[in-house]
$ cat upload_26.csv   # CSV, C-alpha atoms
chain,number,residue,atom,x,y,z
A,14,MET,CA,-2.4,-6.7,-15.8
A,15,ALA,CA,1.4,-7.0,-15.7
A,16,ASN,CA,1.6,-3.8,-13.8
A,17,SER,CA,-0.7,-5.0,-11.1
A,18,LEU,CA,1.5,-8.1,-10.7
A,19,ARG,CA,4.6,-6.0,-10.5
A,20,LEU,CA,2.9,-3.8,-7.8
A,21,TYR,CA,1.7,-6.9,-5.9
A,22,LEU,CA,5.2,-8.4,-5.9
A,23,THR,CA,6.8,-5.1,-4.9
A,24,CYS,CA,4.4,-4.7,-2.0
A,25,ILE,CA,5.2,-8.3,-0.8
A,26,ARG,CA,8.9,-7.7,-1.2
A,27,ASN,CA,8.9,-4.5,0.8
A,28,THR,CA,6.7,-6.0,3.5
A,29,LEU,CA,9.1,-9.0,3.7
A,30,GLU,CA,12.1,-6.8,3.9
A,31,ALA,CA,10.6,-5.0,6.8
A,32,ALA,CA,9.2,-8.1,8.6
A,33,LEU,CA,12.3,-10.3,8.2
A,34,CYS,CA,14.1,-9.1,11.4
A,35,LEU,CA,14.4,-12.3,13.3
A,36,GLN,CA,16.5,-13.1,16.3
A,37,ASN,CA,17.1,-16.2,18.3
A,38,PHE,CA,14.6,-16.6,21.1
A,39,PRO,CA,14.5,-19.8,23.3
A,40,CYS,CA,11.0,-21.0,24.3
A,41,GLN,CA,9.7,-19.1,27.4
A,42,GLU,CA,7.5,-22.0,28.7
A,43,VAL,CA,9.8,-25.0,28.3
A,44,GLU,CA,13.5,-24.8,29.1
A,45,ARG,CA,16.1,-25.8,26.6
A,46,HIS,CA,13.5,-25.7,23.8
A,47,ASN,CA,13.6,-23.4,20.8
A,48,LYS,CA,10.4,-23.2,18.9
A,49,PRO,CA,9.2,-21.0,16.0
A,50,GLU,CA,6.8,-18.7,17.9
A,51,VAL,CA,4.7,-17.9,14.8
A,52,GLU,CA,3.6,-21.5,14.7
A,53,LEU,CA,2.7,-21.9,18.3
A,54,LYS,CA,1.2,-18.4,19.0
A,55,THR,CA,1.4,-19.0,22.8
A,56,SER,CA,2.6,-15.5,23.8
A,57,PRO,CA,1.0,-12.5,22.2
A,58,GLU,CA,3.9,-10.2,23.1
A,59,LEU,CA,6.1,-12.2,20.7
A,60,LEU,CA,3.9,-11.8,17.7
A,61,LEU,CA,3.5,-8.9,15.3
A,62,ASN,CA,0.3,-8.0,13.5
A,63,PRO,CA,-0.4,-10.4,10.6
A,64,VAL,CA,-0.7,-8.7,7.2
A,65,LEU,CA,-2.9,-9.9,4.4
A,66,ILE,CA,-2.0,-8.6,0.9
A,67,CYS,CA,-4.6,-9.4,-1.7
A,68,ARG,CA,-4.1,-8.7,-5.4
A,69,ASN,CA,-7.7,-9.5,-6.2
A,70,GLU,CA,-10.4,-11.9,-5.0
A,71,ALA,CA,-8.5,-15.0,-6.0
A,72,GLU,CA,-4.8,-14.3,-5.1
A,73,LYS,CA,-3.6,-13.3,-1.7
A,74,CYS,CA,-0.6,-13.5,0.6
A,75,LEU,CA,-0.6,-13.8,4.4
A,76,ILE,CA,2.5,-12.7,6.2
A,77,GLU,CA,2.7,-13.5,9.9
A,78,THR,CA,5.8,-12.5,11.9
A,79,SER,CA,7.1,-13.2,15.3
A,80,ILE,CA,10.3,-12.6,17.1
A,81,ASN,CA,12.1,-15.7,15.7
A,82,SER,CA,10.1,-16.8,12.8
A,83,LEU,CA,8.0,-15.7,9.8
A,84,ARG,CA,5.3,-17.5,8.0
A,85,ILE,CA,4.2,-16.6,4.4
A,86,SER,CA,1.2,-18.3,3.0
A,87,LEU,CA,0.2,-17.9,-0.6
A,88,LYS,CA,-3.0,-18.5,-2.5
A,89,VAL,CA,-2.3,-18.9,-6.2
A,90,LYS,CA,-4.8,-17.8,-8.9
A,91,GLN,CA,-6.9,-20.7,-10.1
A,92,ALA,CA,-9.1,-19.8,-13.0
A,93,ASP,CA,-10.9,-23.1,-13.7
A,94,GLU,CA,-11.2,-26.7,-12.4
A,95,LEU,CA,-8.2,-27.9,-14.4
A,96,GLU,CA,-5.9,-25.3,-12.9
A,97,ASN,CA,-7.3,-26.1,-9.5
A,98,ILE,CA,-6.2,-29.7,-9.8
A,99,LEU,CA,-2.9,-28.9,-11.4
A,100,THR,CA,-2.0,-26.4,-8.7
A,101,LYS,CA,-3.0,-28.7,-5.9
A,102,LYS,CA,-0.9,-31.6,-7.3
A,103,PHE,CA,2.1,-29.5,-8.2
A,104,LEU,CA,2.3,-27.7,-4.9
A,105,ARG,CA,1.7,-31.0,-3.0
A,106,PHE,CA,4.7,-32.4,-5.0
A,107,LEU,CA,6.8,-29.5,-3.8
A,108,SER,CA,5.6,-29.5,-0.2
A,109,MET,CA,6.4,-33.2,0.1
A,110,ARG,CA,10.0,-32.4,-0.8
A,111,ALA,CA,10.1,-29.5,1.8
A,112,GLU,CA,13.4,-30.8,3.2
A,113,ALA,CA,15.2,-29.9,0.0
A,114,PHE,CA,13.8,-26.3,0.1
A,115,GLN,CA,14.5,-25.8,3.8
A,116,VAL,CA,12.1,-22.8,4.1
A,117,LEU,CA,9.1,-24.6,2.8
A,118,ARG,CA,6.4,-25.8,5.1
A,119,ARG,CA,5.1,-29.4,4.7
A,120,LYS,CA,1.5,-28.4,4.9
A,121,PRO,CA,0.0,-25.2,3.7
A,122,VAL,CA,-1.9,-23.1,6.2
A,123,GLN,CA,-5.7,-23.6,6.2
A,124,GLY,CA,-7.2,-21.6,3.3
A,125,TYR,CA,-4.0,-21.3,1.3
A,126,ASP,CA,-2.1,-23.3,-1.3
A,127,ILE,CA,1.5,-23.2,0.0
A,128,SER,CA,3.3,-21.9,3.0
A,129,PHE,CA,6.9,-20.9,3.9
A,130,LEU,CA,8.4,-20.9,7.3
A,131,ILE,CA,11.5,-18.8,7.8
A,132,THR,CA,13.3,-19.0,11.1
A,133,ASN,CA,16.2,-17.1,12.6
A,134,TYR,CA,18.5,-20.1,11.8
A,135,HIS,CA,17.7,-19.6,8.1
A,136,CYS,CA,18.5,-16.0,8.4
A,137,GLU,CA,21.8,-16.8,10.0
A,138,ASP,CA,22.8,-19.3,7.3
A,139,MET,CA,21.4,-17.5,4.3
A,140,GLN,CA,21.3,-13.9,3.1
A,141,LYS,CA,18.1,-12.1,3.8
A,142,GLN,CA,18.0,-10.5,0.4
A,143,LYS,CA,18.4,-13.8,-1.3
A,144,LEU,CA,15.6,-15.3,0.8
A,145,ILE,CA,13.2,-12.6,-0.2
A,146,GLU,CA,14.4,-12.9,-3.9
A,147,PHE,CA,13.7,-16.6,-3.7
A,148,ILE,CA,10.1,-16.1,-2.4
A,149,VAL,CA,9.3,-13.5,-5.0
A,150,GLN,CA,10.8,-15.5,-7.8
A,151,PHE,CA,8.9,-18.5,-6.6
A,152,MET,CA,5.6,-16.6,-6.9
A,153,GLU,CA,6.5,-15.5,-10.5
A,154,ASP,CA,7.5,-19.0,-11.5
A,155,ILE,CA,4.5,-20.7,-10.1
A,156,ASP,CA,2.2,-18.9,-12.4
A,157,LYS,CA,4.4,-19.7,-15.4
A,158,GLU,CA,4.6,-23.4,-14.4
A,159,ILE,CA,0.9,-23.8,-14.0
A,160,SER,CA,0.2,-22.2,-17.3
A,161,GLU,CA,2.8,-24.5,-19.0
A,162,LEU,CA,1.3,-27.5,-17.3
A,163,LYS,CA,-2.2,-26.6,-18.4
A,164,LEU,CA,-1.0,-26.1,-22.0
A,165,SER,CA,0.8,-29.4,-22.1
A,166,VAL,CA,-2.2,-31.2,-20.6
A,167,ASN,CA,-4.5,-29.7,-23.2
A,168,THR,CA,-2.1,-30.4,-26.1
A,169,ARG,CA,-1.6,-34.0,-25.0
A,170,GLY,CA,-5.4,-34.5,-24.6
A,171,ARG,CA,-5.9,-33.2,-28.1
A,172,LEU,CA,-3.3,-35.4,-29.6
A,173,VAL,CA,-4.5,-38.5,-27.8
A,174,ALA,CA,-8.1,-37.8,-28.8
A,175,THR,CA,-7.2,-37.2,-32.5
A,176,GLU,CA,-5.2,-40.5,-32.6
A,177,PHE,CA,-7.9,-42.4,-30.9
A,178,LEU,CA,-10.7,-41.1,-33.1
A,179,LYS,CA,-8.7,-41.7,-36.3
A,180,GLN,CA,-9.6,-45.4,-36.1
A,181,PHE,CA,-13.2,-44.5,-36.5
A,182,ILE,CA,-12.8,-42.5,-39.6
B,18,MET,CA,-15.9,2.6,35.1
B,19,ALA,CA,-13.9,1.9,32.0
B,20,GLU,CA,-17.0,0.4,30.3
B,21,PHE,CA,-18.9,3.7,30.9
B,22,VAL,CA,-16.1,5.8,29.4
B,23,GLU,CA,-15.9,3.5,26.4
B,24,ALA,CA,-19.6,3.8,25.6
B,25,ASP,CA,-19.5,7.6,25.9
B,26,ASN,CA,-16.4,7.7,23.8
B,27,ALA,CA,-18.0,5.6,21.1
B,28,GLU,CA,-20.9,8.0,20.6
B,29,ALA,CA,-18.6,11.0,20.5
B,30,ILE,CA,-16.4,9.2,18.0
B,31,PHE,CA,-19.3,8.3,15.8
B,32,THR,CA,-20.5,11.9,15.7
B,33,ARG,CA,-16.9,13.0,14.9
B,34,ILE,CA,-16.7,10.5,12.1
B,35,GLU,CA,-20.0,11.7,10.6
B,36,HIS,CA,-18.8,15.3,10.7
B,37,LYS,CA,-15.6,14.2,9.0
B,38,SER,CA,-17.6,12.3,6.4
B,39,SER,CA,-19.7,15.3,5.4
B,40,LYS,CA,-16.6,17.5,5.2
B,41,ILE,CA,-14.9,14.9,3.0
B,42,GLU,CA,-17.9,14.7,0.7
B,43,SER,CA,-17.8,18.4,0.1
B,44,LEU,CA,-14.1,18.4,-0.4
B,45,LEU,CA,-14.4,15.6,-3.0
B,46,LYS,CA,-17.1,17.6,-4.8
B,47,GLN,CA,-14.6,20.4,-5.1
B,48,TYR,CA,-12.0,18.0,-6.6
B,49,LYS,CA,-9.7,18.2,-3.6
B,50,PRO,CA,-8.9,14.6,-2.9
B,51,VAL,CA,-5.6,15.3,-1.1
B,52,GLU,CA,-7.4,17.6,1.5
B,53,ALA,CA,-10.1,15.0,1.8
B,54,LEU,CA,-7.6,12.3,2.7
B,55,LYS,CA,-5.9,14.7,5.2
B,56,THR,CA,-9.2,15.3,6.9
B,57,ALA,CA,-10.0,11.6,6.9
B,58,LEU,CA,-6.6,10.7,8.5
B,59,GLU,CA,-6.9,13.4,11.2
B,60,GLY,CA,-7.9,11.8,14.5
B,61,SER,CA,-7.2,8.4,13.2
B,62,PRO,CA,-7.1,5.7,14.4
B,63,PRO,CA,-9.9,6.3,16.9
B,64,VAL,CA,-8.7,5.6,20.4
B,65,THR,CA,-11.2,2.9,21.3
B,66,LYS,CA,-11.5,-0.9,21.3
B,67,ASP,CA,-14.9,-0.7,19.6
B,68,GLU,CA,-14.8,-2.4,16.2
B,69,ARG,CA,-17.7,-0.4,14.9
B,70,CYS,CA,-15.9,2.9,15.4
B,71,LYS,CA,-12.8,1.5,13.6
B,72,SER,CA,-15.0,0.2,10.7
B,73,ALA,CA,-16.9,3.5,10.4
B,74,ASN,CA,-13.5,5.4,10.3
B,75,TRP,CA,-12.2,2.9,7.7
B,76,ILE,CA,-15.2,3.5,5.4
B,77,VAL,CA,-14.5,7.2,5.5
B,78,VAL,CA,-10.8,6.8,4.8
B,79,HIS,CA,-11.6,4.3,2.1
B,80,ARG,CA,-13.8,6.8,0.3
B,81,ALA,CA,-11.0,9.3,0.4
B,82,ILE,CA,-8.3,6.8,-0.8
B,83,MET,CA,-10.4,5.7,-3.8
B,84,ALA,CA,-10.9,9.3,-4.9
B,85,ILE,CA,-7.1,9.9,-5.2
B,86,LYS,CA,-5.9,10.0,-8.8
B,87,ASP,CA,-2.5,11.7,-8.7
B,88,ILE,CA,-0.3,10.0,-6.1
B,89,ASP,CA,2.8,12.1,-6.4
B,90,SER,CA,0.9,15.3,-5.6
B,91,LEU,CA,-0.5,13.4,-2.6
B,92,PHE,CA,2.9,13.0,-1.0
B,93,SER,CA,4.0,16.6,-1.6
B,94,ALA,CA,1.0,17.8,0.4
B,95,LEU,CA,0.7,15.1,3.1
B,96,ASP,CA,2.7,15.7,6.4
B,97,LEU,CA,5.1,13.0,7.7
B,98,GLU,CA,3.0,12.3,10.8
B,99,TYR,CA,0.2,10.9,8.6
B,100,TYR,CA,2.5,8.4,6.8
B,101,ASP,CA,2.2,5.7,9.5
B,102,VAL,CA,-1.6,6.0,9.8
B,103,LEU,CA,-1.9,5.9,6.0
B,104,MET,CA,0.2,2.8,5.8
B,105,LYS,CA,-2.1,1.0,8.4
B,106,TYR,CA,-5.1,1.9,6.4
B,107,LEU,CA,-3.4,0.7,3.2
B,108,TYR,CA,-2.9,-2.7,4.7
B,109,ARG,CA,-6.5,-2.8,5.8
B,110,GLY,CA,-7.5,-2.0,2.3
B,111,LEU,CA,-5.2,-4.7,0.9
B,112,SER,CA,-6.8,-7.3,3.2
B,113,THR,CA,-10.3,-6.6,1.8
B,114,GLY,CA,-9.6,-8.4,-1.4
B,115,ASP,CA,-11.8,-6.1,-3.5
B,116,ARG,CA,-10.1,-5.6,-6.8
B,117,PRO,CA,-10.3,-1.8,-7.3
B,118,THR,CA,-9.4,-1.1,-3.6
B,119,CYS,CA,-6.4,-3.5,-3.8
B,120,ASP,CA,-5.2,-1.9,-7.1
B,121,GLN,CA,-5.4,1.6,-5.6
B,122,CYS,CA,-3.8,0.5,-2.3
B,123,LEU,CA,-0.9,-1.3,-4.1
B,124,LYS,CA,-0.2,1.8,-6.1
B,125,ILE,CA,-0.1,4.1,-3.1
B,126,HIS,CA,1.8,1.5,-1.0
B,127,GLU,CA,4.7,1.4,-3.5
B,128,LYS,CA,5.0,5.2,-3.5
B,129,LEU,CA,4.6,5.5,0.2
B,130,THR,CA,7.4,2.9,0.9
B,131,GLU,CA,9.7,4.8,-1.4
B,132,ARG,CA,8.9,7.9,0.5
B,133,ALA,CA,8.7,6.7,4.1
B,134,GLY,CA,10.9,3.7,4.0
B,135,LEU,CA,10.7,0.3,5.6
B,136,GLY,CA,10.4,1.7,9.1
B,137,CYS,CA,6.9,2.8,8.2
B,138,ILE,CA,5.9,-0.8,7.4
B,139,LEU,CA,7.6,-2.1,10.5
B,140,ARG,CA,5.8,0.4,12.8
B,141,CYS,CA,2.6,-0.7,11.2
B,142,LEU,CA,3.4,-4.4,11.9
B,143,ALA,CA,4.6,-3.7,15.4
B,144,ASP,CA,1.9,-1.4,16.7
B,145,LYS,CA,-0.7,-3.6,18.4
B,146,VAL,CA,-2.2,-0.9,20.5
B,147,ASN,CA,-3.4,1.6,17.9
B,148,THR,CA,-4.7,-0.8,15.4
B,149,VAL,CA,-6.9,0.3,12.5

$ encode --input "upload_26.csv" --output "structure tokens"
Amino acid sequence: MANSLRLYLTCIRNTLEAALCLQNFPCQEVERHNKPEVELKTSPELLLNPVLICRNEAEKCLIETSINSLRISLKVKQADELENILTKKFLRFLSMRAEAFQVLRRKPVQGYDISFLITNYHCEDMQKQKLIEFIVQFMEDIDKEISELKLSVNTRGRLVATEFLKQFI
Amino acid sequence: MAEFVEADNAEAIFTRIEHKSSKIESLLKQYKPVEALKTALEGSPPVTKDERCKSANWIVVHRAIMAIKDIDSLFSALDLEYYDVLMKYLYRGLSTGDRPTCDQCLKIHEKLTERAGLGCILRCLADKVNTV
């Protein structure tokens, strides 16, 4: 179990290292504009093959690259209804504060839970290795966070129910 | 004219894939998974735009990949020219989402990256002509 997670993260890390070769590329259609090509997908010659890495039926990671930008979309494992709700709320919380994260996308791509958009400007300001480290660390931490949240919800529910039902004893 | 050539090609490719498939089955029965994978990767990816040919080829390669148990011996036997093609098929396997396939592909992917380097991955991403 832990081994498959390690392999999954290694695969994603290697793919990101290879795919994160971005350079500045002004928009071809509109002058003086500079847009992340992976979002627009107007010119096929600027896009690389998108790569889908699945760990199992529930977890997957889509990496789409272009000449000046890269988009990573993650689907987090959600075992039951409660985890579903917790994941949605937690990741929505993060996505709404995307400004602070810089590389986060405000809305996840259709079919995924959260998306990152890394442009050449980010690569110029920040170190490539650290960016990749951040993404992989994020994936590890998300799982821990969701488990912790679930645990605390269950504990609190139990406490509240015990207290409430004491009055009927 | 191009249409006609394609159709002809597709039939030829299907027959080739069937031959490969039977050869691979016999090799697997003799417990030679590495040879089986080599046979599967030869002539891959098929030079055609037909999705069915590519799917048929993928099924054959998938069978060979799942039969591999010892990954280190695989790389000592496999030639360098097959690394790129193998990487493309690994990514196709990873996109299926089927648990045993993904487990196997992730294992081989790690070892293949150590062996072939990041260039292999990048060639796989960049090659839009010979897709798998």

$ atom_distance --input "upload_26.csv" --atom1 "CA of Ile98 in chain A" --atom2 "CA of Ile159 in chain A"
10.1 Å

$ residues_around --input "upload_26.csv" --residues "range 89-92 of chain B" --least-positions-apart "6" --cutoff "12 Å" --atoms "all atoms listed in the file" --output "PyMOL selection string"
chain B and resi 49-55+81-82+98-100+103+124-133

$ closest_atom_pairs --input "upload_26.csv" --of "chain A" --to "chain B" --cutoff "9 Å" --atoms "all atoms listed in the file" --output "CSV"
residue,atom,partner,partner_atom,distance
A:Ser17,CA,B:Asp120,CA,6.8
A:Leu20,CA,B:Leu123,CA,5.9
A:Tyr21,CA,B:Leu123,CA,6.4
A:Thr23,CA,B:Glu127,CA,7.0
A:Cys24,CA,B:Glu127,CA,6.3
A:Asn27,CA,B:Leu135,CA,7.0
A:Thr28,CA,B:Ile138,CA,6.5
A:Glu30,CA,B:Leu135,CA,7.4
A:Ala31,CA,B:Leu135,CA,5.4
A:Ala32,CA,B:Leu139,CA,6.5
A:Leu60,CA,B:Ala143,CA,8.4
A:Leu61,CA,B:Ala143,CA,5.3
A:Asn62,CA,B:Leu142,CA,5.0
A:Pro63,CA,B:Leu142,CA,7.2
A:Val64,CA,B:Tyr108,CA,6.9
A:Leu65,CA,B:Ser112,CA,4.8
A:Ile66,CA,B:Leu111,CA,5.0
A:Cys67,CA,B:Gly114,CA,5.1
A:Arg68,CA,B:Cys119,CA,5.9
A:Asn69,CA,B:Arg116,CA,4.6
A:Glu70,CA,B:Gly114,CA,5.1
A:Ala71,CA,B:Gly114,CA,8.1
A:Glu72,CA,B:Gly114,CA,8.5
A:Lys73,CA,B:Gly114,CA,7.8
A:Thr78,CA,B:Leu142,CA,8.4

$ write_last_selection --input "upload_26.csv" --atoms "C-alpha atoms" --output "PDB file, in the frame of the given file"
ATOM      1  CA  SER A  17      -0.700  -5.000 -11.100  1.00  0.00           C
ATOM      2  CA  LEU A  20       2.900  -3.800  -7.800  1.00  0.00           C
ATOM      3  CA  TYR A  21       1.700  -6.900  -5.900  1.00  0.00           C
ATOM      4  CA  THR A  23       6.800  -5.100  -4.900  1.00  0.00           C
ATOM      5  CA  CYS A  24       4.400  -4.700  -2.000  1.00  0.00           C
ATOM      6  CA  ASN A  27       8.900  -4.500   0.800  1.00  0.00           C
ATOM      7  CA  THR A  28       6.700  -6.000   3.500  1.00  0.00           C
ATOM      8  CA  GLU A  30      12.100  -6.800   3.900  1.00  0.00           C
ATOM      9  CA  ALA A  31      10.600  -5.000   6.800  1.00  0.00           C
ATOM     10  CA  ALA A  32       9.200  -8.100   8.600  1.00  0.00           C
ATOM     11  CA  LEU A  60       3.900 -11.800  17.700  1.00  0.00           C
ATOM     12  CA  LEU A  61       3.500  -8.900  15.300  1.00  0.00           C
ATOM     13  CA  ASN A  62       0.300  -8.000  13.500  1.00  0.00           C
ATOM     14  CA  PRO A  63      -0.400 -10.400  10.600  1.00  0.00           C
ATOM     15  CA  VAL A  64      -0.700  -8.700   7.200  1.00  0.00           C
ATOM     16  CA  LEU A  65      -2.900  -9.900   4.400  1.00  0.00           C
ATOM     17  CA  ILE A  66      -2.000  -8.600   0.900  1.00  0.00           C
ATOM     18  CA  CYS A  67      -4.600  -9.400  -1.700  1.00  0.00           C
ATOM     19  CA  ARG A  68      -4.100  -8.700  -5.400  1.00  0.00           C
ATOM     20  CA  ASN A  69      -7.700  -9.500  -6.200  1.00  0.00           C
ATOM     21  CA  GLU A  70     -10.400 -11.900  -5.000  1.00  0.00           C
ATOM     22  CA  ALA A  71      -8.500 -15.000  -6.000  1.00  0.00           C
ATOM     23  CA  GLU A  72      -4.800 -14.300  -5.100  1.00  0.00           C
ATOM     24  CA  LYS A  73      -3.600 -13.300  -1.700  1.00  0.00           C
ATOM     25  CA  THR A  78       5.800 -12.500  11.900  1.00  0.00           C
TER      26      THR A  78
END

$ residues_near_point --input "upload_26.csv" --point "(-15.7, 12.9, -1.2)" --cutoff "7 Å" --atoms "only C-alpha atoms" --output "list of chain:residue names"
B:Ile41, B:Glu42, B:Ser43, B:Leu44, B:Leu45, B:Lys46, B:Ala53, B:Arg80, B:Ala81

$ write_last_selection --input "upload_26.csv" --atoms "C-alpha atoms" --output "mmCIF file, in the frame of the given file"
data_model
loop_
_atom_site.group_PDB
_atom_site.id
_atom_site.type_symbol
_atom_site.label_atom_id
_atom_site.label_comp_id
_atom_site.auth_asym_id
_atom_site.auth_seq_id
_atom_site.Cartn_x
_atom_site.Cartn_y
_atom_site.Cartn_z
ATOM 1 C CA ILE B 41 -14.900 14.900 3.000
ATOM 2 C CA GLU B 42 -17.900 14.700 0.700
ATOM 3 C CA SER B 43 -17.800 18.400 0.100
ATOM 4 C CA LEU B 44 -14.100 18.400 -0.400
ATOM 5 C CA LEU B 45 -14.400 15.600 -3.000
ATOM 6 C CA LYS B 46 -17.100 17.600 -4.800
ATOM 7 C CA ALA B 53 -10.100 15.000 1.800
ATOM 8 C CA ARG B 80 -13.800 6.800 0.300
ATOM 9 C CA ALA B 81 -11.000 9.300 0.400
#

$ atom_distance --input "upload_26.csv" --atom1 "CA of Glu35 in chain B" --atom2 "CA of Val78 in chain B"
11.9 Å

$ residues_around --input "upload_26.csv" --residues "Lys48 in chain A" --least-positions-apart "5" --cutoff "10 Å" --atoms "only C-alpha atoms" --output "list in words"
Asn37, Phe38, Pro39, Cys40, Gln41, Val43, Leu53, Asn81, Ser82 and Thr132 of chain A

$ closest_residue --input "upload_26.csv" --among "A:Glu161, A:Glu153, A:Glu44, A:Asp93" --to "Ala15 in chain A" --atoms "only C-alpha atoms"
A:Glu153

$ closest_residue --input "upload_26.csv" --among "A:Leu35, A:Val51, A:Val122, A:Ala111" --to "Ser86 in chain A" --atoms "only C-alpha atoms"
A:Val122

$ closest_residue --input "upload_26.csv" --among "A:Val89, A:Leu83, A:Leu99, A:Gln36" --to "Asn167 in chain A" --atoms "only C-alpha atoms"
A:Leu99

$ atom_distance --input "upload_26.csv" --atom1 "CA of Phe103 in chain A" --atom2 "CA of Ile25 in chain A"
22.7 Å

$ residues_around --input "upload_26.csv" --residues "Leu144 in chain A" --least-positions-apart "6" --cutoff "9 Å" --atoms "only C-alpha atoms" --output "list in words"
Val116, Ile131, His135 and Cys136 of chain A

$ write_last_selection --input "upload_26.csv" --atoms "C-alpha atoms" --output "PDB file, in the coordinates of the input"
ATOM      1  CA  VAL A 116      12.100 -22.800   4.100  1.00  0.00           C
ATOM      2  CA  ILE A 131      11.500 -18.800   7.800  1.00  0.00           C
ATOM      3  CA  HIS A 135      17.700 -19.600   8.100  1.00  0.00           C
ATOM      4  CA  CYS A 136      18.500 -16.000   8.400  1.00  0.00           C
TER       5      CYS A 136
END

$ residues_around --input "upload_26.csv" --residues "range 28-33 of chain B" --least-positions-apart "6" --cutoff "12 Å" --atoms "only C-alpha atoms" --output "list in words"
Phe21, Val22, Ser39, Lys40, Thr56, Ala57, Glu59, Gly60, Ser61, Pro62, Pro63, Val64, Thr65, Lys66, Asp67, Glu68, Arg69, Cys70, Lys71, Ser72, Ala73, Asn74 and Val77 of chain B

$ residues_around --input "upload_26.csv" --residues "Ser160 in chain A" --least-positions-apart "2" --cutoff "12 Å" --atoms "only C-alpha atoms" --output "mmCIF file with C-alpha atoms, in the coordinates of the input"
data_model
loop_
_atom_site.group_PDB
_atom_site.id
_atom_site.type_symbol
_atom_site.label_atom_id
_atom_site.label_comp_id
_atom_site.auth_asym_id
_atom_site.auth_seq_id
_atom_site.Cartn_x
_atom_site.Cartn_y
_atom_site.Cartn_z
ATOM 1 C CA VAL A 89 -2.300 -18.900 -6.200
ATOM 2 C CA LYS A 90 -4.800 -17.800 -8.900
ATOM 3 C CA GLN A 91 -6.900 -20.700 -10.100
ATOM 4 C CA ALA A 92 -9.100 -19.800 -13.000
ATOM 5 C CA ASP A 93 -10.900 -23.100 -13.700
ATOM 6 C CA LEU A 95 -8.200 -27.900 -14.400
ATOM 7 C CA GLU A 96 -5.900 -25.300 -12.900
ATOM 8 C CA ASN A 97 -7.300 -26.100 -9.500
ATOM 9 C CA LEU A 99 -2.900 -28.900 -11.400
ATOM 10 C CA THR A 100 -2.000 -26.400 -8.700
ATOM 11 C CA PHE A 103 2.100 -29.500 -8.200
ATOM 12 C CA GLU A 153 6.500 -15.500 -10.500
ATOM 13 C CA ASP A 154 7.500 -19.000 -11.500
ATOM 14 C CA ILE A 155 4.500 -20.700 -10.100
ATOM 15 C CA ASP A 156 2.200 -18.900 -12.400
ATOM 16 C CA LYS A 157 4.400 -19.700 -15.400
ATOM 17 C CA GLU A 158 4.600 -23.400 -14.400
ATOM 18 C CA LEU A 162 1.300 -27.500 -17.300
ATOM 19 C CA LYS A 163 -2.200 -26.600 -18.400
ATOM 20 C CA LEU A 164 -1.000 -26.100 -22.000
ATOM 21 C CA SER A 165 0.800 -29.400 -22.100
ATOM 22 C CA VAL A 166 -2.200 -31.200 -20.600
ATOM 23 C CA ASN A 167 -4.500 -29.700 -23.200
#

$ build_atoms --input "upload_26.csv" --residues "range 105-113 of chain A" --atoms "N, CA, C and O atoms" --output "PDB file, in the coordinates of the input"
ATOM      1  N   ARG A 105       1.564 -29.839  -3.930  1.00  0.00           N
ATOM      2  CA  ARG A 105       1.700 -31.000  -3.000  1.00  0.00           C
ATOM      3  C   ARG A 105       3.043 -31.667  -3.264  1.00  0.00           C
ATOM      4  O   ARG A 105       3.747 -32.058  -2.327  1.00  0.00           O
ATOM      5  N   PHE A 106       3.376 -31.798  -4.560  1.00  0.00           N
ATOM      6  CA  PHE A 106       4.700 -32.400  -5.000  1.00  0.00           C
ATOM      7  C   PHE A 106       5.811 -31.618  -4.309  1.00  0.00           C
ATOM      8  O   PHE A 106       6.733 -32.207  -3.736  1.00  0.00           O
ATOM      9  N   LEU A 107       5.754 -30.279  -4.381  1.00  0.00           N
ATOM     10  CA  LEU A 107       6.800 -29.500  -3.800  1.00  0.00           C
ATOM     11  C   LEU A 107       6.826 -29.571  -2.281  1.00  0.00           C
ATOM     12  O   LEU A 107       7.873 -29.723  -1.663  1.00  0.00           O
ATOM     13  N   SER A 108       5.629 -29.510  -1.680  1.00  0.00           N
ATOM     14  CA  SER A 108       5.600 -29.500  -0.200  1.00  0.00           C
ATOM     15  C   SER A 108       6.115 -30.829   0.349  1.00  0.00           C
ATOM     16  O   SER A 108       6.730 -30.843   1.408  1.00  0.00           O
ATOM     17  N   MET A 109       5.903 -31.945  -0.378  1.00  0.00           N
ATOM     18  CA  MET A 109       6.400 -33.200   0.100  1.00  0.00           C
ATOM     19  C   MET A 109       7.911 -33.254   0.140  1.00  0.00           C
ATOM     20  O   MET A 109       8.527 -33.975   0.901  1.00  0.00           O
ATOM     21  N   ARG A 110       8.531 -32.435  -0.752  1.00  0.00           N
ATOM     22  CA  ARG A 110      10.000 -32.400  -0.800  1.00  0.00           C
ATOM     23  C   ARG A 110      10.468 -31.129  -0.035  1.00  0.00           C
ATOM     24  O   ARG A 110      11.448 -30.500  -0.422  1.00  0.00           O
ATOM     25  N   ALA A 111       9.797 -30.777   1.036  1.00  0.00           N
ATOM     26  CA  ALA A 111      10.100 -29.500   1.800  1.00  0.00           C
ATOM     27  C   ALA A 111      11.513 -29.552   2.334  1.00  0.00           C
ATOM     28  O   ALA A 111      12.124 -28.497   2.496  1.00  0.00           O
ATOM     29  N   GLU A 112      12.043 -30.729   2.665  1.00  0.00           N
ATOM     30  CA  GLU A 112      13.400 -30.800   3.200  1.00  0.00           C
ATOM     31  C   GLU A 112      14.404 -30.166   2.300  1.00  0.00           C
ATOM     32  O   GLU A 112      15.297 -29.431   2.751  1.00  0.00           O
ATOM     33  N   ALA A 113      14.236 -30.411   1.000  1.00  0.00           N
ATOM     34  CA  ALA A 113      15.200 -29.900   0.000  1.00  0.00           C
ATOM     35  C   ALA A 113      15.131 -28.349  -0.027  1.00  0.00           C
ATOM     36  O   ALA A 113      16.133 -27.679  -0.237  1.00  0.00           O
TER      37      ALA A 113
END
